[in-house]
Structures are given as structure tokens and as C-alpha cells.
Amino acid sequence: MKELIKTDYLRKVLFISLIGLALSCQESEKKFKRVPPSHSGIEFVNEIKPTEDLNIFTYLYYYNGAGVLVADFNNDGLNDVYFTSNQGADHFYLNKGQLKFEDVTKKSGIENSTGWTTGVTYVDINNDGLLDIYVCKVGNYKTIKGSNLLFVNQGLNKNNVPFFKESAHEYDLDIIAFSTQAVFFDYDLDDDLDMYLLCHSVHPNNSYGKGENRVVVDSLSGDRLFENSNNKFIDVSKEAGIFQGKMGYGLGVSIGDLNKDGYPDIYVGNDFFENDYLYQNNGNKTFTELNSKDATRLGHTSHYSMGNSIADMNNDGLPDILSLDMLPSDLVTLKSSGLEDGYSLYNHFLKNGYSPQFMQNTMHLNRGKQIFSEVAFQAGIAATEWSWGVLAADYDMDGYRDLYITNGVLGATNDMDYINFISQDLIQKELGKAGRGQPLEISMRIPEKKTENYSFKNNRNTSFTDVSNEWFEKTKSFSNGGASADLDNDGDLDIIVNNINQTAFVFENQTNNKKNKNYLTFRFRGPRNNHFGIGVKVEVFAGDLYMYDENFPVKSYLSTAPTDIVFGLAEHKFVDSIKVVWPNSASQTLRKVDANQIILFESKNASFNKSNPKEKEIKYLTNTNFQLILSITKKPP
């Protein structure tokens, strides 16, 4: 009898243990799985080592981190990865398939290991169908020397590795400035790509003065617009109405057609109390900056603006604006951090030509005609700690864009205990010694803010749910630049993040592993001077699901995503129609298109009339063993 009771007891214990194990396994199955460096081969670390000459007291943005670039540089259908390093060497990784990468930095001829490097982007500068790499650097500041670099793709060797030659001077792009990030886009719609250069000031933020000083030109700190004239880039900032002053602390820039007039507009996020800039493209090679002219357009902006993105967050076909700040989400950090200025000082700023700003993330919903409603608190995304980059993408493939936000800072200079410490007269005298000796030691005592990155699921009603712990394993980091891209060609978007003093993150999105979600990926082949279709707009209709996107790859912070556009389709096995509009307004429409494939749209097949291209005008790309197979396509009759 006792043995029966004992056996029954053991069965119950075993049953309960199995249930517990099953639940534990279920809980551990996160949407994103971190790919270890032992598998991915990506071991890059953006290592920061303060010196007597270079530290937070000698360079204002010493803790701001570096960027990520993801694109296909050898045209094998797999997205490769480039990391910038602030003080060390940049690294270039070639995608070998199955989330494995090879460090080909030396083989590719890439050499950038001196000075101070910030953002990175790409452009097909010589229109040969091969992407080139443009790297931003800080130049001519104290001990920091250097100019922006352009690595031009020379073609592939027998092992399919691209080789690059530094050629910035040939295109007048060897710019010496306090460069943050560059964006190549066709601002005047003349079928070639121009360039906007985002820069930052290095002066203390108490040196601003009145807002009207933003029109004063500073050759190093001021943003600049360059027009492409036969592959020579000419500075047209003054004629175009771009602010070029030392008041700009540019940390984020995004491009989008915000008023849907066909011309790309520009949003610039400025740190401290300089206004964010909302440049409306007037269609005549000039811009009007709306936020400084009429603050009611945006209502208010983030105060210490960092990275930003332009994306349609509520699927109404109007691009919205996301901008990040440093509002803490937990009470302890909130109470121990320096926050907003007092009302009298805030009012003083308004009287001196500055627009309303608050220390919070902002989400400006586009109401049309360049009017926006700021709804970050209502949406549940206003406070995410010390945030740098925001990736707006559909990670769960349900047709609505979610958010991934990079966080953390090596030195939290707004910590109140540290502020009280550094305010002492004796410490201030030491800091006056040009950053030598004692000031370096003082800089090492700044408290760090190492925290998890945030992830938010779109609830499809202009609100978001924090799913950071549901989608990711808890990992604290100092994360800065990041990008979303389909690294393994399975139809969902993976994430790559550049970290300070920590190995870069590669997160595999496992949404499509179980084949329970559908997708469509679009690639573009444009005209000769815009081979990768920068500026293309895409609309997708699937039942009651409507989605809109624009091909402007510079997003988030110091980083650039591929030109591919990926749409999650939830349970839809096909879409009713797809409309593609090229920058010159020519368009293509497809109807009844099956899901779960890659489609290549070519500008030569677009037309200015309302007739739809026939099925054989479109190239359908299928992926087998990570090699792209292009179907044979006949020209339309």
C-alpha cells in the first residue's frame, strides 16, 4: 500500500515537473534569438578608451557611439554588414548565408582606423550597379583630424569579395566638418542623388544666444546640402534655405514625403534647446523650415533630440515622425536625473526664438498638409531611458510597424549626484586645465547607464505594448546605431546593433520559422543615376490591410538599412494589389500577387498612364540555398 502511494506521489511530482519544464521552455522561446559570435562570425566591438586629450570634457559627444550599415555589396542577394568605430577600425562583414559572416575588412581594402568616426551610409556614386560606402568623420577639432571618406566599389574578386578604393576627393565629398550622418536622396527630382550632411556643434549648450543666430554660417558645425552636378557635389545650402549655424546639434536625420506632394522633405533632430528642423521641400530647389517659422505645426518636439525615423505608424498612408530623447521610465532614475528647465528659463527660451520642447520621446502623427499631432504619451512610448536609435519595422509580420529602441550611455552626465560633485569650485578649477591629468580622472567617475533596449508591439490603434522581455532575453548594453534587415532571406526582419565596449548584437527574428506569417519583399532597379530606386513609394492592399512605405534607407541613428522594402502580411496568402510610384511619378500596379516571395520592380517598366504592366514585366526572385534565381523575363510588347 505504501509503495502504491509512493508511486502515485512520484507520478504527480513528475507530471508537475514536466508541466513546469514545458512552461519554462515556452517562456524561453523569444521572438528574437541572439546569434552568438561563434556562429555569426561578427565579433566587432566599438571600444572607447578616454585619454587626456580626448574624453567627455574635451569632446561633447564622446559617449554618442557609432553606426551600422546593412546592404548587399556583392549583389548575391544577401545583406552584408559594415560597422563604424569611433576610435578604432571600421569592420566590414560579408554575408555567407545562414546568418554566418566573414570579416573581409582587409581583403576589401577598407581602412578607416584613425580620427573619430560617426555615421555611415551608401550610394552608387558612379552608377555601375555596385554600392559604395560613405563614412562620416569629425575633422579639424583639437587633436581630431580627418575628412569624410568615400569607399568606391571596384568590383568583385574570384571569391565574390568586393574591393573598395577611397575616392572622396574625386567627387568633392572629402568634407572636413563635425559630421554626424549623410543622406543621399534626389531632392530636386532630376534623377540623380544629392546629399544632405548632418553636422553637430561642439560648443557648450549655454553659448547659444538668441534663436535668430541659427542663420549665421559655421563651416564646421552647420548642416549642408550638396547638389549632384555630373557627379560633383556642390554646396547649395544657402540657396536652398538650409540652416548652417553652430547652433545645430544634429544627431538624427530622416527623409520622407511628409505632405505627399512628390518631393522629399527633411526632418533634423537637434540636441539641447535648438529647435528640431522640419524642412518642407518647395519643389523649386528650396526648402522652408516650418518648425522655427510656425511651432504649431509640430506643437512641441523632443528636447534633447537624438535619433529619429519617418514611417507610417498607423497605416493611413501618411508618413509620421518619431524622435527619441532621454526620459527615464523608472522612478529611481527619474528622481536622480536632471530633467526639464524651470518655467522661467523655459519661457525665456520661447521669447528668444525657440519652439516648445520637452524631454520625452515624440511621435508626431501626420494629419496631412504638414500638420501633426504629438501622441507619444498616449501611445505609451514617451519614456525609454537614454535612447539613441529607433527602428520602426514590422517585426511580428502582422502588417503594422513595431519599434526597437537602442539604449544606454557610458557616462550619464545628467546624474544629479555627479552634477553636484562636479559643481564644486575645486573640481571646476581642475576642469579648466584643458582636459589633462585630474579632468581625465574626473571623467572616469561619471556614473554609467547600462540598460536593456526597448521593444514595442503596435496594437493597431495608435498605441503600443512594451514587449521587451517577451521578445528578447534581458541584456544590458550601451547600444547606439542599429538597423533592421532580412539577413537570412526568410521574409522577416532581423536586427543588428552597434554597442560601446561590448560585442555587436545580431538578433535573428524567428517569426517566420514556423511558417505562420506571410510576407512580400520588394527590390528595385531604377534609372542609371538612381540604380537602387531611392525615393520609390509602395502601397500594398490585402483585404482590409493597407500598408505604405518609402525607400529612404537612412533611418534611426548613424545607420542605414537596405533598399529592400519588406511587408508583413499576417494571414494573407496573397495581396489584392501593389502600386509602386517612382520619383519621376511613373508608376506600376500589380494585382492578385501571391505572398512569400521577392519581387524586383524596374523603372523601365513603369509608365505615366493608368494602364497596368503585365505579369511578364515583373521579375520574381526566389531564394534557394541563399542564391537568387531570377526568372527569365521578356520585354513587354
# chains A, B, ... in the order shown; residues from 1 in each chain; ligands from 1
call {"tool": "select_by_dssp", "arguments": {"residues": "segment 377-611 of chain A", "states": "alpha helix (DSSP H)", "output": "PyMOL selection string"}}
result
chain A and resi 377-379+416-422+425-431+438-443+468-471
call {"tool": "select_by_dssp", "arguments": {"residues": "segment 251-380 of chain A", "states": "strand (DSSP E or B)", "output": "ChimeraX atom specification"}}
result
/A:251-256,265-270,277-281,287-289,301-302,308-311,320-323,337,357-358,362-366,372-374
call {"tool": "closest_residue", "arguments": {"among": "A:Val138, A:Ile110, A:Ala168, A:Ile125", "to": "Asp194 of chain A", "atoms": "only C-alpha atoms"}}
result
A:Ile125
call {"tool": "residues_around", "arguments": {"residues": "Ile48 of chain A", "least_positions_apart": "2", "cutoff": "9 Å", "atoms": "only C-alpha atoms", "output": "MDAnalysis selection string"}}
result
chainID A and resid 46 50 62:63 65 85:88 500:501
call {"tool": "closest_atom_pairs", "arguments": {"of": "segment 49-123 of chain A", "to": "segment 543-562 of chain A", "cutoff": "10 Å", "atoms": "only C-alpha atoms", "output": "tab-separated table"}}
result
residue	atom	partner	partner_atom	distance
A:Asn64	CA	A:Leu558	CA	9.8
A:Gly65	CA	A:Leu558	CA	8.7
A:Ala66	CA	A:Leu558	CA	6.4
A:Gly67	CA	A:Leu558	CA	4.6
A:Val68	CA	A:Ser559	CA	4.7
A:Leu69	CA	A:Thr560	CA	4.8
A:Val70	CA	A:Ala561	CA	5.2
A:Ala71	CA	A:Pro562	CA	4.7
A:Asp72	CA	A:Pro562	CA	7.5
A:Asn79	CA	A:Pro562	CA	7.4
A:Asp80	CA	A:Pro562	CA	9.3
A:Val81	CA	A:Ala561	CA	9.7
A:Tyr82	CA	A:Ser559	CA	9.7
A:Phe83	CA	A:Ser559	CA	9.1
A:Thr84	CA	A:Leu558	CA	9.2
A:Thr118	CA	A:Leu558	CA	6.6
A:Gly119	CA	A:Leu558	CA	4.0
A:Val120	CA	A:Ser559	CA	5.9
A:Thr121	CA	A:Thr560	CA	5.5
A:Tyr122	CA	A:Thr560	CA	7.7
call {"tool": "write_last_selection", "arguments": {"atoms": "N, CA and C atoms", "output": "mmCIF file, in the first residue's frame"}}
result
data_model
loop_
_atom_site.group_PDB
_atom_site.id
_atom_site.type_symbol
_atom_site.label_atom_id
_atom_site.label_comp_id
_atom_site.auth_asym_id
_atom_site.auth_seq_id
_atom_site.Cartn_x
_atom_site.Cartn_y
_atom_site.Cartn_z
ATOM 1 N N ASN A 64 28.635 59.192 -27.656
ATOM 2 C CA ASN A 64 27.474 59.031 -28.529
ATOM 3 C C ASN A 64 27.482 57.795 -29.415
ATOM 4 N N GLY A 65 28.577 57.078 -29.484
ATOM 5 C CA GLY A 65 28.581 55.814 -30.198
ATOM 6 C C GLY A 65 28.732 55.936 -31.703
ATOM 7 N N ALA A 66 28.543 54.808 -32.380
ATOM 8 C CA ALA A 66 28.802 54.719 -33.817
ATOM 9 C C ALA A 66 27.670 53.959 -34.514
ATOM 10 N N GLY A 67 27.804 53.816 -35.833
ATOM 11 C CA GLY A 67 26.677 53.348 -36.637
ATOM 12 C C GLY A 67 26.850 51.983 -37.279
ATOM 13 N N VAL A 68 25.783 51.572 -37.984
ATOM 14 C CA VAL A 68 25.706 50.294 -38.699
ATOM 15 C C VAL A 68 25.179 50.543 -40.105
ATOM 16 N N LEU A 69 25.741 49.866 -41.065
ATOM 17 C CA LEU A 69 25.237 49.910 -42.439
ATOM 18 C C LEU A 69 24.975 48.483 -42.891
ATOM 19 N N VAL A 70 23.788 48.242 -43.456
ATOM 20 C CA VAL A 70 23.436 46.906 -43.948
ATOM 21 C C VAL A 70 22.965 47.031 -45.394
ATOM 22 N N ALA A 71 23.619 46.318 -46.288
ATOM 23 C CA ALA A 71 23.238 46.345 -47.700
ATOM 24 C C ALA A 71 23.997 45.224 -48.419
ATOM 25 N N ASP A 72 23.615 44.974 -49.655
ATOM 26 C CA ASP A 72 24.214 43.914 -50.462
ATOM 27 C C ASP A 72 25.283 44.525 -51.362
ATOM 28 N N ASN A 79 22.386 40.392 -47.532
ATOM 29 C CA ASN A 79 22.758 41.685 -46.972
ATOM 30 C C ASN A 79 24.009 41.580 -46.106
ATOM 31 N N ASP A 80 24.994 42.404 -46.430
ATOM 32 C CA ASP A 80 26.256 42.444 -45.709
ATOM 33 C C ASP A 80 26.189 43.541 -44.634
ATOM 34 N N VAL A 81 27.186 43.586 -43.750
ATOM 35 C CA VAL A 81 27.139 44.482 -42.595
ATOM 36 C C VAL A 81 28.462 45.233 -42.458
ATOM 37 N N TYR A 82 28.360 46.552 -42.240
ATOM 38 C CA TYR A 82 29.519 47.418 -42.018
ATOM 39 C C TYR A 82 29.322 48.157 -40.695
ATOM 40 N N PHE A 83 30.317 48.109 -39.817
ATOM 41 C CA PHE A 83 30.271 48.811 -38.540
ATOM 42 C C PHE A 83 31.289 49.942 -38.532
ATOM 43 N N THR A 84 30.895 51.126 -38.060
ATOM 44 C CA THR A 84 31.873 52.170 -37.816
ATOM 45 C C THR A 84 32.342 52.096 -36.369
ATOM 46 N N THR A 118 31.726 58.580 -37.097
ATOM 47 C CA THR A 118 30.341 58.651 -36.586
ATOM 48 C C THR A 118 29.412 57.786 -37.432
ATOM 49 N N GLY A 119 28.675 58.393 -38.365
ATOM 50 C CA GLY A 119 27.668 57.671 -39.135
ATOM 51 C C GLY A 119 28.187 57.102 -40.439
ATOM 52 N N VAL A 120 27.345 56.274 -41.078
ATOM 53 C CA VAL A 120 27.736 55.626 -42.326
ATOM 54 C C VAL A 120 26.498 55.399 -43.190
ATOM 55 N N THR A 121 26.675 55.547 -44.488
ATOM 56 C CA THR A 121 25.596 55.272 -45.432
ATOM 57 C C THR A 121 26.194 54.748 -46.733
ATOM 58 N N TYR A 122 25.350 54.557 -47.744
ATOM 59 C CA TYR A 122 25.852 54.063 -49.030
ATOM 60 C C TYR A 122 25.245 54.861 -50.168
#
call {"tool": "closest_residue", "arguments": {"among": "A:Asp103, A:Phe185, A:Phe73, A:Leu278", "to": "Asp132 of chain A", "atoms": "only C-alpha atoms"}}
result
A:Phe73
call {"tool": "atom_distance", "arguments": {"atom1": "atom CA of Asn529 of chain A", "atom2": "atom CA of Val123 of chain A"}}
result
10.4 Å
call {"tool": "atom_distance", "arguments": {"atom1": "atom CA of Arg34 of chain A", "atom2": "atom CA of Leu94 of chain A"}}
result
18.7 Å
